[in-house]
Amino acid sequence: MRERVLITGGAAGIGAAVVRRCAERGWETVVIDTAADADIRADLSDAAATAQALQKALANGPITRLVNNVGVVCPNPLELQTLEEFDRVMAVNLRCALQCVQALRPGMQQAGFGRIVNMSSRAALGKELRTAYAASKAGLLGMTRVWALELGAEGITVNAIGPGPIRTELFDRVNPAESARTRAIIESVPVKRLGEPADVAAAVDFFLGADSGFVTGQTLYVCGGMTVGVAAV
């Protein structure tokens with residue numbers, strides 16, 4: 001059987017690094033994204049469009065590995081966080097992940113094997129201006145644990161990644177290298193550097209591997225040590 005991996009939001013940043021890592025493994029990657037060069041273009045904030053995209057992805061056979069990577073932030077202070085923003089964040093960051101797992105699970109069940117990685121965030125532990133985003137990423141952690149319990153007997157593992165500050169095009173746009181704020185961010189990281197998308201992809205690679213079958217329901221923070229003293233032991 002072909003080794004196929006579905007990566008949502010895999011056209012840029014962390015998602016693109018995951019795609020490259022999977023390609024190095026020799027796995028066939030399927031990217032759903034809004035970008036023009038995605039394998040399947042779809043607005044994953046829309047449930048009907050997501051369902052259609054998943055149908056297309058599965059038309060070429062079952063997919064036994066899934067990276068729920070797509071995400072949207074919509075930062076705002078509490079008093080300015082709109083319900084429209086909240087609904088969009090939940091749709092992209094949570095509802096889409098649920099749809100993907102429900103669609104791919106039958107193929108994983110039949111194979112007796114599955115690997116699911118949910119891209120959460122260090123913001124799940126709390127961060128200013130992230131009411132909707134932090135709630136959605138914390139929700140992903142909750143779903144990770146539930147699915148790990150429900151799917152473990154089927155040979156399916158479910159784990160989460162919590163990235164810290166990662167140098168992506170988006171990060172560089174909003175955090176100029178010469179700014180004092182950017183330097184302060186770097187200084188707050190125990191390893192004294194920003195993460196790279198490849199750092200996150202390496203962690204995803206571990207969870208996707210066939211030899212990680214005894215690890216499930218876990219959250220791995222790829223943050224240069226920033227969660228030490230913050231996340232629970």
# chains A, B, ... in the order shown; residues from 1 in each chain; ligands from 1
$ residues_around --residues "Ala184 (chain A)" --least-positions-apart "6" --cutoff "12 Å" --atoms "only C-alpha atoms" --output "list in words"
Pro165, Asn175, Pro176, Ala177, Glu178, Pro190, Lys192, Arg193 and Leu194 of chain A
$ write_last_selection --atoms "N, CA and C atoms" --output "PDB file, in the first residue's frame"
ATOM      1  N   PRO A 165       8.122  30.344  19.177  1.00  0.00           N
ATOM      2  CA  PRO A 165       8.371  31.298  18.084  1.00  0.00           C
ATOM      3  C   PRO A 165       9.192  30.646  16.974  1.00  0.00           C
ATOM      4  N   ASN A 175       7.653  40.792  12.713  1.00  0.00           N
ATOM      5  CA  ASN A 175       8.725  40.939  13.701  1.00  0.00           C
ATOM      6  C   ASN A 175      10.041  41.236  12.984  1.00  0.00           C
ATOM      7  N   PRO A 176      10.263  42.486  12.577  1.00  0.00           N
ATOM      8  CA  PRO A 176      11.505  42.834  11.868  1.00  0.00           C
ATOM      9  C   PRO A 176      12.734  42.451  12.684  1.00  0.00           C
ATOM     10  N   ALA A 177      13.740  41.950  12.005  1.00  0.00           N
ATOM     11  CA  ALA A 177      14.933  41.444  12.689  1.00  0.00           C
ATOM     12  C   ALA A 177      15.620  42.516  13.533  1.00  0.00           C
ATOM     13  N   GLU A 178      15.541  43.786  13.101  1.00  0.00           N
ATOM     14  CA  GLU A 178      16.255  44.848  13.804  1.00  0.00           C
ATOM     15  C   GLU A 178      15.460  45.446  14.969  1.00  0.00           C
ATOM     16  N   PRO A 190      15.377  30.101  25.906  1.00  0.00           N
ATOM     17  CA  PRO A 190      16.577  29.580  26.564  1.00  0.00           C
ATOM     18  C   PRO A 190      17.708  29.210  25.611  1.00  0.00           C
ATOM     19  N   LYS A 192      18.357  30.719  22.920  1.00  0.00           N
ATOM     20  CA  LYS A 192      18.799  32.004  22.355  1.00  0.00           C
ATOM     21  C   LYS A 192      18.734  32.066  20.823  1.00  0.00           C
ATOM     22  N   ARG A 193      17.730  31.459  20.276  1.00  0.00           N
ATOM     23  CA  ARG A 193      17.474  31.600  18.847  1.00  0.00           C
ATOM     24  C   ARG A 193      16.012  31.307  18.584  1.00  0.00           C
ATOM     25  N   LEU A 194      15.543  31.750  17.426  1.00  0.00           N
ATOM     26  CA  LEU A 194      14.208  31.391  16.991  1.00  0.00           C
ATOM     27  C   LEU A 194      14.222  29.975  16.427  1.00  0.00           C
TER      28      LEU A 194
END
$ residues_around --residues "Leu208 (chain A)" --least-positions-apart "2" --cutoff "8 Å" --atoms "only C-alpha atoms" --output "list of chain:residue names"
A:Arg65, A:Arg115, A:Ile116, A:Val117, A:Val204, A:Asp205, A:Phe206, A:Ala210, A:Ser212
$ atom_distance --atom1 "CA of Ala132 (chain A)" --atom2 "CA of Ile166 (chain A)"
20.1 Å
$ atom_distance --atom1 "CA of Val101 (chain A)" --atom2 "CA of Glu85 (chain A)"
23.9 Å
$ atom_distance --atom1 "CA of Asp172 (chain A)" --atom2 "CA of Leu80 (chain A)"
24.9 Å
$ residues_around --residues "Gly13 (chain A)" --least-positions-apart "2" --cutoff "7 Å" --atoms "only C-alpha atoms" --output "MDAnalysis selection string"
chainID A and resid 15:17 168:169 197
$ select_by_dssp --residues "region 35-214 of chain A" --states "strand (DSSP E)" --output "compact mmCIF listing (two decimals) with C-alpha atoms, in the first residue's frame"
# COMPACT_ATOMS: atom_id res chain seq x y z
CA ILE A 40 -6.09 20.61 -3.68
CA ARG A 41 -7.23 24.21 -3.32
CA ARG A 65 -1.04 9.76 8.02
CA LEU A 66 -2.53 13.16 8.78
CA VAL A 67 -1.04 16.46 9.89
CA ASN A 68 -3.70 18.95 10.96
CA GLY A 114 -2.67 5.47 11.49
CA ARG A 115 -0.69 8.49 12.57
CA ILE A 116 -2.37 11.81 13.39
CA VAL A 117 -0.46 14.93 14.39
CA ASN A 118 -2.33 18.05 15.51
CA MET A 119 -0.49 21.37 15.30
CA ILE A 156 -3.89 4.79 15.34
CA THR A 157 -1.82 7.21 17.40
CA VAL A 158 -2.72 10.86 17.95
CA ASN A 159 -0.23 13.42 19.21
CA ALA A 160 0.19 17.20 19.22
CA ILE A 161 2.98 19.67 18.60
CA GLY A 162 3.16 23.02 20.41
CA PRO A 163 5.54 25.31 18.50
$ closest_residue --among "A:Trp27, A:Phe86, A:Phe214, A:Tyr133" --to "Leu6 (chain A)" --atoms "only C-alpha atoms"
A:Trp27
$ residues_around --residues "Met226 (chain A)" --least-positions-apart "3" --cutoff "10 Å" --atoms "only C-alpha atoms" --output "tab-separated table (two decimals) with N, CA and C atoms, in the first residue's frame"
chain	number	residue	atom	x	y	z
A	122	ARG	N	2.15	26.89	21.61
A	122	ARG	CA	2.49	27.29	22.97
A	122	ARG	C	1.45	28.27	23.52
A	163	PRO	N	4.40	24.48	18.87
A	163	PRO	CA	5.54	25.31	18.50
A	163	PRO	C	5.61	26.58	19.34
A	164	GLY	N	6.83	27.03	19.58
A	164	GLY	CA	7.07	28.34	20.14
A	164	GLY	C	7.29	29.32	19.00
A	165	PRO	N	8.12	30.34	19.18
A	165	PRO	CA	8.37	31.30	18.08
A	165	PRO	C	9.19	30.65	16.97
A	188	SER	N	14.29	35.77	25.19
A	188	SER	CA	13.43	35.02	26.11
A	188	SER	C	13.48	33.52	25.88
A	189	VAL	N	14.08	33.11	24.77
A	189	VAL	CA	14.19	31.69	24.44
A	189	VAL	C	15.46	31.13	25.07
A	190	PRO	N	15.38	30.10	25.91
A	190	PRO	CA	16.58	29.58	26.56
A	190	PRO	C	17.71	29.21	25.61
A	191	VAL	N	17.39	28.70	24.41
A	191	VAL	CA	18.47	28.34	23.48
A	191	VAL	C	18.94	29.55	22.66
A	221	TYR	N	6.29	20.24	23.01
A	221	TYR	CA	6.51	21.66	22.76
A	221	TYR	C	7.87	21.86	22.09
A	222	VAL	N	7.83	22.40	20.88
A	222	VAL	CA	9.05	22.69	20.14
A	222	VAL	C	9.26	24.19	20.27
A	223	CYS	N	9.91	24.59	21.36
A	223	CYS	CA	9.89	26.00	21.75
A	223	CYS	C	11.23	26.49	22.28
A	229	GLY	N	8.85	25.50	33.22
A	229	GLY	CA	8.31	26.32	34.30
A	229	GLY	C	6.92	26.86	34.03
A	230	VAL	N	6.40	26.57	32.83
A	230	VAL	CA	5.06	27.04	32.46
A	230	VAL	C	4.11	25.86	32.25
A	231	ALA	N	4.52	24.91	31.40
A	231	ALA	CA	3.69	23.74	31.15
A	231	ALA	C	3.77	22.78	32.33
$ residues_around --residues "Gln102 (chain A)" --least-positions-apart "2" --cutoff "12 Å" --atoms "only C-alpha atoms" --output "MDAnalysis selection string"
chainID A and resid 50:51 54:55 63 66 95:100 104:109 116 147 151
$ write_last_selection --atoms "C-alpha atoms" --output "mmCIF file, in the first residue's frame"
data_model
loop_
_atom_site.group_PDB
_atom_site.id
_atom_site.type_symbol
_atom_site.label_atom_id
_atom_site.label_comp_id
_atom_site.auth_asym_id
_atom_site.auth_seq_id
_atom_site.Cartn_x
_atom_site.Cartn_y
_atom_site.Cartn_z
ATOM 1 C CA THR A 50 -13.470 20.973 3.342
ATOM 2 C CA ALA A 51 -15.654 17.911 2.785
ATOM 3 C CA LEU A 54 -11.256 15.516 1.513
ATOM 4 C CA GLN A 55 -13.317 13.543 -0.969
ATOM 5 C CA ILE A 63 -4.444 8.100 3.610
ATOM 6 C CA LEU A 66 -2.533 13.165 8.777
ATOM 7 C CA ARG A 95 -13.669 21.927 13.035
ATOM 8 C CA CYS A 96 -11.396 21.262 10.066
ATOM 9 C CA ALA A 97 -9.257 18.888 12.165
ATOM 10 C CA LEU A 98 -12.355 16.975 13.239
ATOM 11 C CA GLN A 99 -13.539 16.646 9.639
ATOM 12 C CA CYS A 100 -10.140 15.403 8.488
ATOM 13 C CA LEU A 104 -9.459 9.477 7.053
ATOM 14 C CA ARG A 105 -10.260 7.150 9.942
ATOM 15 C CA PRO A 106 -11.965 4.387 7.876
ATOM 16 C CA GLY A 107 -8.829 3.929 5.764
ATOM 17 C CA MET A 108 -6.667 3.848 8.876
ATOM 18 C CA GLN A 109 -8.988 1.322 10.474
ATOM 19 C CA ILE A 116 -2.370 11.807 13.386
ATOM 20 C CA TRP A 147 -8.827 10.572 20.020
ATOM 21 C CA LEU A 151 -8.378 5.142 18.407
#
$ residues_around --residues "Ala35 (chain A)" --least-positions-apart "4" --cutoff "12 Å" --atoms "only C-alpha atoms" --output "MDAnalysis selection string"
chainID A and resid 8:12 16 31 39:44 70
